[in-house]
Each structure stands twice: as C-alpha cells, then as structure tokens.
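Peer 1: Just start.cif, nothing more (mmCIF, N, CA and C atoms and all ligand atoms):
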```cif
data_data
loop_
_atom_site.label_atom_id
_atom_site.label_comp_id
_atom_site.auth_asym_id
_atom_site.auth_seq_id
_atom_site.Cartn_x
_atom_site.Cartn_y
_atom_site.Cartn_z
N MET A 1 9.52 -0.67 18.51
CA MET A 1 8.48 -1.66 18.32
C MET A 1 8.31 -1.95 16.83
N THR A 2 8.15 -3.20 16.47
CA THR A 2 7.92 -3.53 15.07
C THR A 2 6.43 -3.56 14.79
N ALA A 3 6.11 -3.41 13.50
CA ALA A 3 4.70 -3.47 13.11
C ALA A 3 4.12 -4.84 13.47
N ASP A 4 5.00 -5.86 13.55
CA ASP A 4 4.53 -7.22 13.80
C ASP A 4 3.75 -7.35 15.10
N ASN A 5 4.22 -6.67 16.15
CA ASN A 5 3.59 -6.91 17.44
C ASN A 5 2.68 -5.77 17.90
N LEU A 6 2.43 -4.79 17.04
CA LEU A 6 1.59 -3.65 17.41
C LEU A 6 0.19 -4.08 17.85
N PHE A 7 -0.49 -4.86 17.03
CA PHE A 7 -1.87 -5.26 17.35
C PHE A 7 -1.89 -6.26 18.51
N LEU A 8 -0.84 -7.09 18.62
CA LEU A 8 -0.78 -8.01 19.75
C LEU A 8 -0.68 -7.22 21.05
N ARG A 9 0.10 -6.18 21.04
CA ARG A 9 0.26 -5.37 22.24
C ARG A 9 -1.02 -4.62 22.57
N ILE A 10 -1.76 -4.18 21.55
CA ILE A 10 -3.08 -3.57 21.80
C ILE A 10 -4.01 -4.62 22.42
N ALA A 11 -4.00 -5.83 21.84
CA ALA A 11 -4.88 -6.89 22.36
C ALA A 11 -4.55 -7.23 23.80
N ARG A 12 -3.28 -7.13 24.16
CA ARG A 12 -2.86 -7.45 25.54
C ARG A 12 -3.06 -6.28 26.48
N GLY A 13 -3.51 -5.13 25.95
CA GLY A 13 -3.72 -3.96 26.79
C GLY A 13 -2.44 -3.21 27.10
N GLU A 14 -1.37 -3.52 26.36
CA GLU A 14 -0.07 -2.87 26.61
C GLU A 14 0.06 -1.54 25.87
N LEU A 15 -0.77 -1.35 24.85
CA LEU A 15 -0.80 -0.09 24.10
C LEU A 15 -2.23 0.42 24.06
N PRO A 16 -2.43 1.75 24.06
CA PRO A 16 -3.79 2.28 24.08
C PRO A 16 -4.49 2.11 22.74
N ALA A 17 -5.79 1.91 22.81
CA ALA A 17 -6.64 1.86 21.62
C ALA A 17 -8.08 2.04 22.09
N ASP A 18 -8.94 2.42 21.17
CA ASP A 18 -10.37 2.59 21.50
C ASP A 18 -11.02 1.22 21.34
N ILE A 19 -10.97 0.44 22.42
CA ILE A 19 -11.48 -0.93 22.41
C ILE A 19 -13.00 -0.92 22.42
N VAL A 20 -13.62 -1.67 21.51
CA VAL A 20 -15.09 -1.73 21.46
C VAL A 20 -15.61 -3.12 21.83
N TYR A 21 -14.73 -4.11 21.87
CA TYR A 21 -15.15 -5.48 22.20
C TYR A 21 -13.90 -6.27 22.59
N ARG A 22 -14.06 -7.14 23.57
CA ARG A 22 -12.95 -8.02 23.93
C ARG A 22 -13.52 -9.30 24.54
N ASP A 23 -12.98 -10.44 24.17
CA ASP A 23 -13.30 -11.69 24.87
C ASP A 23 -12.00 -12.49 25.02
N GLU A 24 -12.12 -13.76 25.35
CA GLU A 24 -10.89 -14.53 25.63
C GLU A 24 -10.07 -14.84 24.38
N LEU A 25 -10.67 -14.69 23.21
CA LEU A 25 -9.96 -15.03 21.97
C LEU A 25 -9.60 -13.84 21.09
N VAL A 26 -10.45 -12.80 21.10
CA VAL A 26 -10.24 -11.69 20.16
C VAL A 26 -10.49 -10.35 20.84
N THR A 27 -9.93 -9.30 20.21
CA THR A 27 -10.13 -7.92 20.67
C THR A 27 -10.48 -7.08 19.45
N ALA A 28 -11.42 -6.13 19.63
CA ALA A 28 -11.82 -5.23 18.55
C ALA A 28 -11.59 -3.79 19.00
N PHE A 29 -11.03 -2.99 18.10
CA PHE A 29 -10.74 -1.59 18.42
C PHE A 29 -10.85 -0.76 17.16
N ARG A 30 -11.08 0.56 17.34
CA ARG A 30 -11.28 1.44 16.19
C ARG A 30 -9.96 1.66 15.45
N ASP A 31 -10.07 1.63 14.11
CA ASP A 31 -8.90 1.88 13.25
C ASP A 31 -8.44 3.32 13.44
N ILE A 32 -7.13 3.52 13.47
CA ILE A 32 -6.56 4.85 13.70
C ILE A 32 -6.74 5.75 12.47
N ASP A 33 -7.01 5.15 11.31
CA ASP A 33 -7.14 5.88 10.04
C ASP A 33 -8.43 5.42 9.35
N PRO A 34 -9.59 5.79 9.92
CA PRO A 34 -10.85 5.20 9.45
C PRO A 34 -11.16 5.52 7.99
N GLN A 35 -11.61 4.48 7.28
CA GLN A 35 -11.96 4.59 5.86
C GLN A 35 -13.47 4.62 5.66
N ALA A 36 -14.21 4.68 6.74
CA ALA A 36 -15.68 4.75 6.71
C ALA A 36 -16.11 5.30 8.07
N PRO A 37 -17.38 5.73 8.21
CA PRO A 37 -17.83 6.27 9.51
C PRO A 37 -17.57 5.30 10.67
N VAL A 38 -17.76 4.01 10.42
CA VAL A 38 -17.36 2.99 11.41
C VAL A 38 -16.28 2.14 10.77
N HIS A 39 -15.12 2.06 11.43
CA HIS A 39 -14.02 1.22 10.94
C HIS A 39 -13.34 0.61 12.16
N VAL A 40 -13.62 -0.66 12.36
CA VAL A 40 -13.12 -1.38 13.53
C VAL A 40 -12.25 -2.54 13.04
N LEU A 41 -11.19 -2.82 13.77
CA LEU A 41 -10.32 -3.97 13.50
C LEU A 41 -10.56 -5.03 14.57
N ILE A 42 -10.72 -6.28 14.16
CA ILE A 42 -10.88 -7.38 15.11
C ILE A 42 -9.66 -8.28 14.94
N VAL A 43 -8.96 -8.54 16.05
CA VAL A 43 -7.69 -9.27 15.98
C VAL A 43 -7.67 -10.42 16.99
N PRO A 44 -6.91 -11.48 16.68
CA PRO A 44 -6.71 -12.55 17.68
C PRO A 44 -5.90 -12.02 18.87
N ASN A 45 -6.15 -12.59 20.04
CA ASN A 45 -5.39 -12.21 21.24
C ASN A 45 -4.03 -12.93 21.31
N HIS A 46 -3.80 -13.89 20.41
CA HIS A 46 -2.46 -14.51 20.30
C HIS A 46 -1.93 -14.24 18.91
N HIS A 47 -0.64 -14.39 18.72
CA HIS A 47 -0.05 -13.97 17.45
C HIS A 47 -0.36 -14.93 16.31
N VAL A 48 -0.99 -14.38 15.29
CA VAL A 48 -1.17 -15.04 13.99
C VAL A 48 -0.80 -13.96 12.98
N ALA A 49 0.28 -14.19 12.22
CA ALA A 49 0.82 -13.12 11.38
C ALA A 49 -0.15 -12.71 10.28
N SER A 50 -0.82 -13.68 9.68
CA SER A 50 -1.77 -13.39 8.60
C SER A 50 -2.64 -14.62 8.39
N ILE A 51 -3.66 -14.49 7.55
CA ILE A 51 -4.49 -15.67 7.28
C ILE A 51 -3.66 -16.75 6.61
N ALA A 52 -2.60 -16.36 5.89
CA ALA A 52 -1.72 -17.33 5.24
C ALA A 52 -0.94 -18.16 6.26
N GLU A 53 -0.80 -17.65 7.46
CA GLU A 53 -0.04 -18.34 8.52
C GLU A 53 -0.95 -19.14 9.45
N ALA A 54 -2.27 -18.99 9.30
CA ALA A 54 -3.20 -19.66 10.22
C ALA A 54 -3.21 -21.16 9.96
N GLY A 55 -3.36 -21.93 11.02
CA GLY A 55 -3.39 -23.38 10.90
C GLY A 55 -4.64 -23.95 11.57
N PRO A 56 -4.75 -25.28 11.59
CA PRO A 56 -5.93 -25.93 12.18
C PRO A 56 -6.18 -25.51 13.63
N ASP A 57 -5.11 -25.26 14.40
CA ASP A 57 -5.29 -24.85 15.79
C ASP A 57 -5.97 -23.48 15.91
N ASP A 58 -5.92 -22.71 14.84
CA ASP A 58 -6.50 -21.36 14.87
C ASP A 58 -7.98 -21.35 14.49
N GLU A 59 -8.53 -22.52 14.16
CA GLU A 59 -9.91 -22.55 13.68
C GLU A 59 -10.90 -21.87 14.66
N PRO A 60 -10.80 -22.12 15.98
CA PRO A 60 -11.74 -21.43 16.89
C PRO A 60 -11.62 -19.92 16.82
N VAL A 61 -10.41 -19.41 16.75
CA VAL A 61 -10.25 -17.96 16.74
C VAL A 61 -10.72 -17.37 15.41
N LEU A 62 -10.55 -18.12 14.32
CA LEU A 62 -11.01 -17.63 13.03
C LEU A 62 -12.54 -17.49 13.03
N GLY A 63 -13.21 -18.46 13.60
CA GLY A 63 -14.67 -18.35 13.71
C GLY A 63 -15.08 -17.21 14.62
N ARG A 64 -14.35 -17.05 15.71
CA ARG A 64 -14.69 -15.99 16.68
C ARG A 64 -14.50 -14.60 16.07
N LEU A 65 -13.50 -14.44 15.20
CA LEU A 65 -13.31 -13.14 14.55
C LEU A 65 -14.59 -12.71 13.84
N PHE A 66 -15.21 -13.64 13.12
CA PHE A 66 -16.43 -13.30 12.37
C PHE A 66 -17.61 -13.07 13.31
N LEU A 67 -17.75 -13.89 14.34
CA LEU A 67 -18.87 -13.71 15.27
C LEU A 67 -18.70 -12.41 16.06
N ALA A 68 -17.46 -12.08 16.42
CA ALA A 68 -17.22 -10.81 17.11
C ALA A 68 -17.52 -9.64 16.18
N ALA A 69 -17.16 -9.77 14.91
CA ALA A 69 -17.47 -8.71 13.93
C ALA A 69 -18.97 -8.49 13.86
N ARG A 70 -19.73 -9.57 13.85
CA ARG A 70 -21.19 -9.44 13.81
C ARG A 70 -21.69 -8.72 15.06
N SER A 71 -21.16 -9.08 16.23
CA SER A 71 -21.59 -8.43 17.48
C SER A 71 -21.25 -6.94 17.46
N VAL A 72 -20.05 -6.62 17.00
CA VAL A 72 -19.65 -5.21 16.97
C VAL A 72 -20.53 -4.45 15.96
N ALA A 73 -20.81 -5.07 14.83
CA ALA A 73 -21.67 -4.43 13.83
C ALA A 73 -23.03 -4.10 14.43
N GLU A 74 -23.58 -5.02 15.21
CA GLU A 74 -24.88 -4.77 15.85
C GLU A 74 -24.74 -3.66 16.88
N GLN A 75 -23.68 -3.73 17.66
CA GLN A 75 -23.39 -2.72 18.71
C GLN A 75 -23.24 -1.33 18.10
N GLU A 76 -22.67 -1.25 16.90
CA GLU A 76 -22.40 0.03 16.24
C GLU A 76 -23.58 0.49 15.38
N GLY A 77 -24.67 -0.27 15.39
CA GLY A 77 -25.86 0.12 14.63
C GLY A 77 -25.77 -0.14 13.14
N LEU A 78 -24.95 -1.11 12.74
CA LEU A 78 -24.74 -1.39 11.32
C LEU A 78 -25.60 -2.53 10.79
N ALA A 79 -26.26 -3.25 11.69
CA ALA A 79 -26.92 -4.49 11.27
C ALA A 79 -27.97 -4.24 10.19
N GLU A 80 -28.73 -3.17 10.33
CA GLU A 80 -29.82 -2.93 9.37
C GLU A 80 -29.28 -2.48 8.01
N GLY A 81 -28.36 -1.54 8.02
CA GLY A 81 -27.84 -0.99 6.76
C GLY A 81 -26.83 -1.88 6.06
N GLY A 82 -26.20 -2.75 6.82
CA GLY A 82 -25.19 -3.63 6.26
C GLY A 82 -23.79 -3.09 6.45
N TYR A 83 -22.82 -3.91 6.12
CA TYR A 83 -21.42 -3.55 6.37
C TYR A 83 -20.52 -4.45 5.53
N ARG A 84 -19.22 -4.20 5.62
CA ARG A 84 -18.25 -4.99 4.84
C ARG A 84 -17.16 -5.50 5.77
N LEU A 85 -16.74 -6.74 5.56
CA LEU A 85 -15.62 -7.34 6.28
C LEU A 85 -14.50 -7.61 5.28
N ILE A 86 -13.28 -7.20 5.64
CA ILE A 86 -12.13 -7.34 4.73
C ILE A 86 -10.95 -7.93 5.51
N VAL A 87 -10.27 -8.88 4.89
CA VAL A 87 -8.99 -9.37 5.42
C VAL A 87 -7.93 -9.18 4.33
N ASN A 88 -6.98 -8.31 4.57
CA ASN A 88 -5.86 -8.14 3.65
C ASN A 88 -4.78 -9.16 4.00
N CYS A 89 -4.13 -9.70 2.98
CA CYS A 89 -3.10 -10.72 3.22
C CYS A 89 -1.90 -10.46 2.32
N GLY A 90 -0.76 -10.24 2.97
CA GLY A 90 0.49 -10.11 2.23
C GLY A 90 0.61 -8.83 1.43
N ALA A 91 1.71 -8.72 0.71
CA ALA A 91 2.03 -7.47 0.01
C ALA A 91 0.99 -7.12 -1.03
N HIS A 92 0.60 -8.06 -1.86
CA HIS A 92 -0.36 -7.75 -2.91
C HIS A 92 -1.75 -7.49 -2.34
N GLY A 93 -2.04 -8.05 -1.19
CA GLY A 93 -3.32 -7.81 -0.53
C GLY A 93 -3.36 -6.50 0.23
N GLY A 94 -2.22 -5.84 0.34
CA GLY A 94 -2.18 -4.55 1.03
C GLY A 94 -2.09 -4.66 2.54
N GLN A 95 -1.63 -5.81 3.06
CA GLN A 95 -1.51 -5.97 4.51
C GLN A 95 -0.32 -5.18 5.03
N GLU A 96 -0.59 -4.24 5.93
CA GLU A 96 0.46 -3.38 6.46
C GLU A 96 0.94 -3.84 7.84
N VAL A 97 0.05 -4.39 8.62
CA VAL A 97 0.39 -4.82 9.97
C VAL A 97 0.38 -6.35 10.01
N GLU A 98 1.50 -6.95 10.41
CA GLU A 98 1.65 -8.39 10.36
C GLU A 98 1.09 -9.07 11.61
N HIS A 99 -0.16 -8.81 11.85
CA HIS A 99 -0.94 -9.54 12.85
C HIS A 99 -2.34 -9.62 12.26
N LEU A 100 -2.85 -10.83 12.08
CA LEU A 100 -4.13 -11.04 11.42
C LEU A 100 -5.19 -10.07 11.95
N HIS A 101 -5.92 -9.42 11.06
CA HIS A 101 -6.99 -8.53 11.48
C HIS A 101 -8.10 -8.52 10.46
N LEU A 102 -9.32 -8.44 10.98
CA LEU A 102 -10.53 -8.35 10.17
C LEU A 102 -10.99 -6.90 10.23
N HIS A 103 -11.11 -6.26 9.06
CA HIS A 103 -11.65 -4.90 9.02
C HIS A 103 -13.18 -4.97 8.98
N LEU A 104 -13.84 -4.21 9.85
CA LEU A 104 -15.29 -4.02 9.80
C LEU A 104 -15.54 -2.58 9.39
N LEU A 105 -16.19 -2.40 8.24
CA LEU A 105 -16.45 -1.06 7.70
C LEU A 105 -17.94 -0.89 7.51
N GLY A 106 -18.46 0.29 7.84
CA GLY A 106 -19.87 0.56 7.62
C GLY A 106 -20.24 1.96 8.02
N GLY A 107 -21.56 2.22 7.97
CA GLY A 107 -22.05 3.54 8.37
C GLY A 107 -22.45 4.41 7.19
N GLU A 108 -22.17 3.93 5.98
CA GLU A 108 -22.57 4.61 4.75
C GLU A 108 -22.47 3.58 3.62
N PRO A 109 -23.13 3.85 2.47
CA PRO A 109 -22.94 2.93 1.34
C PRO A 109 -21.47 2.91 0.94
N LEU A 110 -20.89 1.73 0.85
CA LEU A 110 -19.45 1.59 0.64
C LEU A 110 -19.06 1.48 -0.83
N GLY A 111 -20.03 1.32 -1.71
CA GLY A 111 -19.70 1.19 -3.13
C GLY A 111 -19.20 -0.20 -3.45
N PRO A 112 -18.88 -0.44 -4.71
CA PRO A 112 -18.50 -1.80 -5.13
C PRO A 112 -17.13 -2.23 -4.61
N MET A 113 -16.25 -1.29 -4.31
CA MET A 113 -14.91 -1.61 -3.81
C MET A 113 -14.45 -0.42 -3.00
N ARG A 114 -13.55 -0.68 -2.06
CA ARG A 114 -13.13 0.39 -1.16
C ARG A 114 -11.66 0.72 -1.40
N CYS A 115 -11.33 1.97 -1.65
CA CYS A 115 -9.95 2.42 -1.75
C CYS A 115 -9.68 3.38 -0.61
N ARG A 116 -8.44 3.52 -0.27
CA ARG A 116 -8.08 4.46 0.78
C ARG A 116 -8.46 5.86 0.36
N ARG A 117 -8.95 6.65 1.32
CA ARG A 117 -9.37 8.01 1.01
C ARG A 117 -8.19 8.93 0.80
N LYS A 118 -7.06 8.63 1.46
CA LYS A 118 -5.91 9.49 1.29
C LYS A 118 -4.63 8.66 1.33
N GLU A 119 -3.59 9.24 0.73
CA GLU A 119 -2.31 8.55 0.73
C GLU A 119 -1.62 8.73 2.08
N HIS A 120 -0.78 7.79 2.44
CA HIS A 120 -0.02 7.90 3.69
C HIS A 120 1.31 8.55 3.42
P1 LIG B 201 -3.92 -3.47 6.74
O1 LIG B 201 -3.58 -2.57 5.58
O2 LIG B 201 -5.01 -4.45 6.38
O3 LIG B 201 -2.72 -4.11 7.37
O4 LIG B 201 -4.57 -2.51 7.81
C1 LIG B 201 -3.87 -1.95 8.89
C2 LIG B 201 -4.77 -0.96 9.55
O5 LIG B 201 -4.28 -0.72 10.83
C3 LIG B 201 -4.86 0.39 8.84
O6 LIG B 201 -6.22 0.62 8.43
C4 LIG B 201 -4.45 1.41 9.90
C5 LIG B 201 -4.53 0.61 11.19
N1 LIG B 201 -3.54 0.95 12.19
C6 LIG B 201 -2.19 1.01 12.02
N2 LIG B 201 -1.58 1.32 13.16
C7 LIG B 201 -2.56 1.45 14.10
C8 LIG B 201 -2.54 1.75 15.51
O7 LIG B 201 -1.50 1.96 16.14
N3 LIG B 201 -3.74 1.79 16.13
C9 LIG B 201 -4.93 1.57 15.47
N4 LIG B 201 -6.05 1.64 16.19
N5 LIG B 201 -4.98 1.26 14.15
C10 LIG B 201 -3.80 1.21 13.49
#
```
Is it possible to express this structure as structure tokens?
Peer 2:
Amino acid sequence: MTADNLFLRIARGELPADIVYRDELVTAFRDIDPQAPVHVLIVPNHHVASIAEAGPDDEPVLGRLFLAARSVAEQEGLAEGGYRLIVNCGAHGGQEVEHLHLHLLGGEPLGPMRCRRKEH
C-alpha cells in the first residue's frame, strides 16, 4: 500500500482507525502518533492529494472539513479551552500522507507553534 491511499482506505472503512466522526463528505479519526491529548485527522472521503491539488469542485468538501472539525472539537470537549487546526502541504509544509487532512489538536495549551514531540 502506498502512503497516497492510506487515508482514503481509512475513510472507506477498508483499514481500521478510531473513527470519531463520519458523514457523506468527510471522515475524522484519531492520529496514530498524537501530538496533543486530542489529535484528530479530518479527511475527504474522495481522493484529494493536498490543498494544492484542490479545485473548485472540492469547495463543498473543504467547507465540510472545517465544520466537521468544529463538531469534533465540541464532541471532544475542546470548545471552551480552544484548539488548533493545521493543514500541512507538500515537502516544506511537512505533509507525510498524500491525502488532504486537517489536523485538530487540543486538550492543553499548545504554545505559539507545535513541533513533533519525538523523531520518527
Ligand atoms: P502530515 O505530516 O500532515 O502528513 O500528517 C500525517 C499524520 O498522519 C501524522 O500525524 C501521523 C498520522 N498517521 C500516519 N499513518 C497513520 C495511520 O495509519 N493511521 C492513523 N490514524 N494516523 C496515521
């Protein structure tokens, strides 16, 4: 399996993940390597390699990613304390998986910028 289709296969239910939200456009599941007490990834249910590859047809799913992130944040008890949403894009952005994903991080003060807690 390539990294390209990993998240698509999770969204399709073909690979296991701790799913916390799903609708007809997007799926949210817990990150396998959490960088905060709550770390959820929200992904489109169809293939979009990155935000750089998104086009006008993807506008509904792009909006849904943010609204789903808000719902998950409320579900996870983050609404009051606040949270951070991150989209990595391409090599310089640190994107490792080539399927568009929105990181939802929260559960503690995150500081001015977030770095990985450990090396891979
Ligand atoms: P990024 O660097 O923005 O491409 O983030 C990729 C994230 O995906 C990273 O935080 C770890 C997570 N991840 C990688 N493989 C898996 C997996 O198989 N399952 C889950 N749940 N998360 C994964």
Peer 1: What is the distance, in Å and to one decimal place, between atom C4 of ligand LIG 201 (chain B) and atom N of Leu85 (chain A)?
Peer 2: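 According to the coordinates, atom C4 of ligand LIG 201 (chain B) and atom N of Leu85 (chain A) are separated by 15.4 Å.
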Peer 1: Determine, using all atoms listed in the file, which residues of chain A have any atom at most 7 Å from an atom of ligand LIG 201 (chain B), and tabulate each with its shortest atom pair and distance in Å to one decimal place, rows ordered by chain and then rising number, as JSON lines.
Peer 2:
```
{"residue": "A:Leu6", "atom": "C", "partner": "B:LIG201", "partner_atom": "O7", "distance": 6.5}
{"residue": "A:Phe7", "atom": "N", "partner": "B:LIG201", "partner_atom": "O7", "distance": 7.0}
{"residue": "A:Pro16", "atom": "C", "partner": "B:LIG201", "partner_atom": "N3", "distance": 6.7}
{"residue": "A:Ala17", "atom": "CA", "partner": "B:LIG201", "partner_atom": "N4", "distance": 5.5}
{"residue": "A:Asp18", "atom": "N", "partner": "B:LIG201", "partner_atom": "N4", "distance": 5.8}
{"residue": "A:Phe29", "atom": "C", "partner": "B:LIG201", "partner_atom": "N4", "distance": 5.5}
{"residue": "A:Arg30", "atom": "C", "partner": "B:LIG201", "partner_atom": "N4", "distance": 4.0}
{"residue": "A:Asp31", "atom": "C", "partner": "B:LIG201", "partner_atom": "N4", "distance": 4.0}
{"residue": "A:Ile32", "atom": "N", "partner": "B:LIG201", "partner_atom": "N5", "distance": 3.2}
{"residue": "A:Asp33", "atom": "N", "partner": "B:LIG201", "partner_atom": "C4", "distance": 4.7}
{"residue": "A:Pro34", "atom": "N", "partner": "B:LIG201", "partner_atom": "O6", "distance": 6.3}
{"residue": "A:Gln35", "atom": "N", "partner": "B:LIG201", "partner_atom": "O6", "distance": 6.7}
{"residue": "A:Ile86", "atom": "C", "partner": "B:LIG201", "partner_atom": "O2", "distance": 6.9}
{"residue": "A:Val87", "atom": "C", "partner": "B:LIG201", "partner_atom": "O2", "distance": 5.9}
{"residue": "A:Asn88", "atom": "CA", "partner": "B:LIG201", "partner_atom": "O2", "distance": 4.7}
{"residue": "A:Cys89", "atom": "N", "partner": "B:LIG201", "partner_atom": "O2", "distance": 6.3}
{"residue": "A:Gly93", "atom": "C", "partner": "B:LIG201", "partner_atom": "O1", "distance": 6.6}
{"residue": "A:Gly94", "atom": "C", "partner": "B:LIG201", "partner_atom": "O1", "distance": 4.0}
{"residue": "A:Gln95", "atom": "C", "partner": "B:LIG201", "partner_atom": "O3", "distance": 3.5}
{"residue": "A:Glu96", "atom": "N", "partner": "B:LIG201", "partner_atom": "O3", "distance": 2.6}
{"residue": "A:Val97", "atom": "N", "partner": "B:LIG201", "partner_atom": "O3", "distance": 3.1}
{"residue": "A:Glu98", "atom": "N", "partner": "B:LIG201", "partner_atom": "O3", "distance": 5.9}
{"residue": "A:His99", "atom": "N", "partner": "B:LIG201", "partner_atom": "O3", "distance": 7.0}
{"residue": "A:His101", "atom": "C", "partner": "B:LIG201", "partner_atom": "O2", "distance": 6.5}
{"residue": "A:His103", "atom": "N", "partner": "B:LIG201", "partner_atom": "O2", "distance": 6.9}
```
Peer 1: Could you work out how far CA of Pro37 (chain A) lies from CA of Gly77 (chain A), giving the answer in Å with one decimal?
Peer 2: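 Between CA of Gly77 (chain A) and CA of Pro37 (chain A) the gap works out to 11.3 Å.
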Peer 1: Taking only C-alpha atoms into account, name the residue in A:Glu74, A:Asp23, A:Glu14, A:Glu80 that is nearest to Ile42 (chain A).
Peer 2: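 For Ile42 (chain A), the nearest of the given residues is A:Asp23.
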Peer 1: For Val48 (chain A), which residue out of A:Leu100, A:Tyr21, A:Asn5, A:Gly90 is the nearest one, using only C-alpha atoms?
Peer 2: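 Closest to Val48 (chain A), using only C-alpha atoms: A:Leu100.
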Peer 1: For region 44-48 of chain A, what centre and edge lengths in Å (one decimal) does the axis-aligned box get once 3 Å is added on each side of all its listed atoms, as JSON?
Peer 2:
```
{"center_x": -3.5, "center_y": -13.3, "center_z": 17.1, "size_x": 12.9, "size_y": 9.6, "size_z": 14.3}
```
Peer 1: If you run DSSP on the backbone here, which positions in chain A get helix (DSSP H, G or I)? Please write them as a PyMOL selection string.
Peer 2: chain A and resi 3-11+51-53+56-75+90-93
Peer 1: Find the residues near Pro44 (chain A): any atom within 6 Å, counting only C-alpha atoms, skip ones fewer than 2 places away on the same chain, and give them as a list in words.
Peer 2: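 Residues near the query, excluding close chain neighbours: Leu25, Val26 and His46 of chain A.
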Peer 1: May I have a table of the residues of region 82-110 of chain A lying at most 8 Å from region 70-73 of chain A, giving each one's closest pair of atoms and their distance in Å to one decimal, counting all atoms listed in the file, ordered by chain and ascending residue number, as a Markdown table?
Peer 2:
```
| residue | atom | partner | partner_atom | distance |
| --- | --- | --- | --- | --- |
| A:Gly82 | C | A:Ala73 | CA | 7.8 |
| A:Tyr83 | CA | A:Ala73 | CA | 7.5 |
| A:Leu104 | CA | A:Ala73 | N | 7.5 |
```
Peer 1: With N, CA and C atoms retained, write the just-selected residues as a compact mmCIF listing (two decimals), keeping the file's coordinate frame.
Peer 2:
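Result went into part_17.txt, see below:
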```
# COMPACT_ATOMS: atom_id res chain seq x y z
N GLY A 82 -26.20 -2.75 6.82
CA GLY A 82 -25.19 -3.63 6.26
C GLY A 82 -23.79 -3.09 6.45
N TYR A 83 -22.82 -3.91 6.12
CA TYR A 83 -21.42 -3.55 6.37
C TYR A 83 -20.52 -4.45 5.53
N LEU A 104 -13.84 -4.21 9.85
CA LEU A 104 -15.29 -4.02 9.80
C LEU A 104 -15.54 -2.58 9.39
```
Peer 1: Quick one: DSSP strand (DSSP E or B) residues in chain A, as an NGL selection string?
Peer 2: :A and (19-22 or 26-30 or 38-44 or 83-86 or 102-106)
Peer 1: To one decimal place, how far is atom C of Leu102 (chain A) from CA of Pro56 (chain A) in Å?
Peer 2: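 For atom C of Leu102 (chain A) relative to CA of Pro56 (chain A), the distance reads 19.8 Å.
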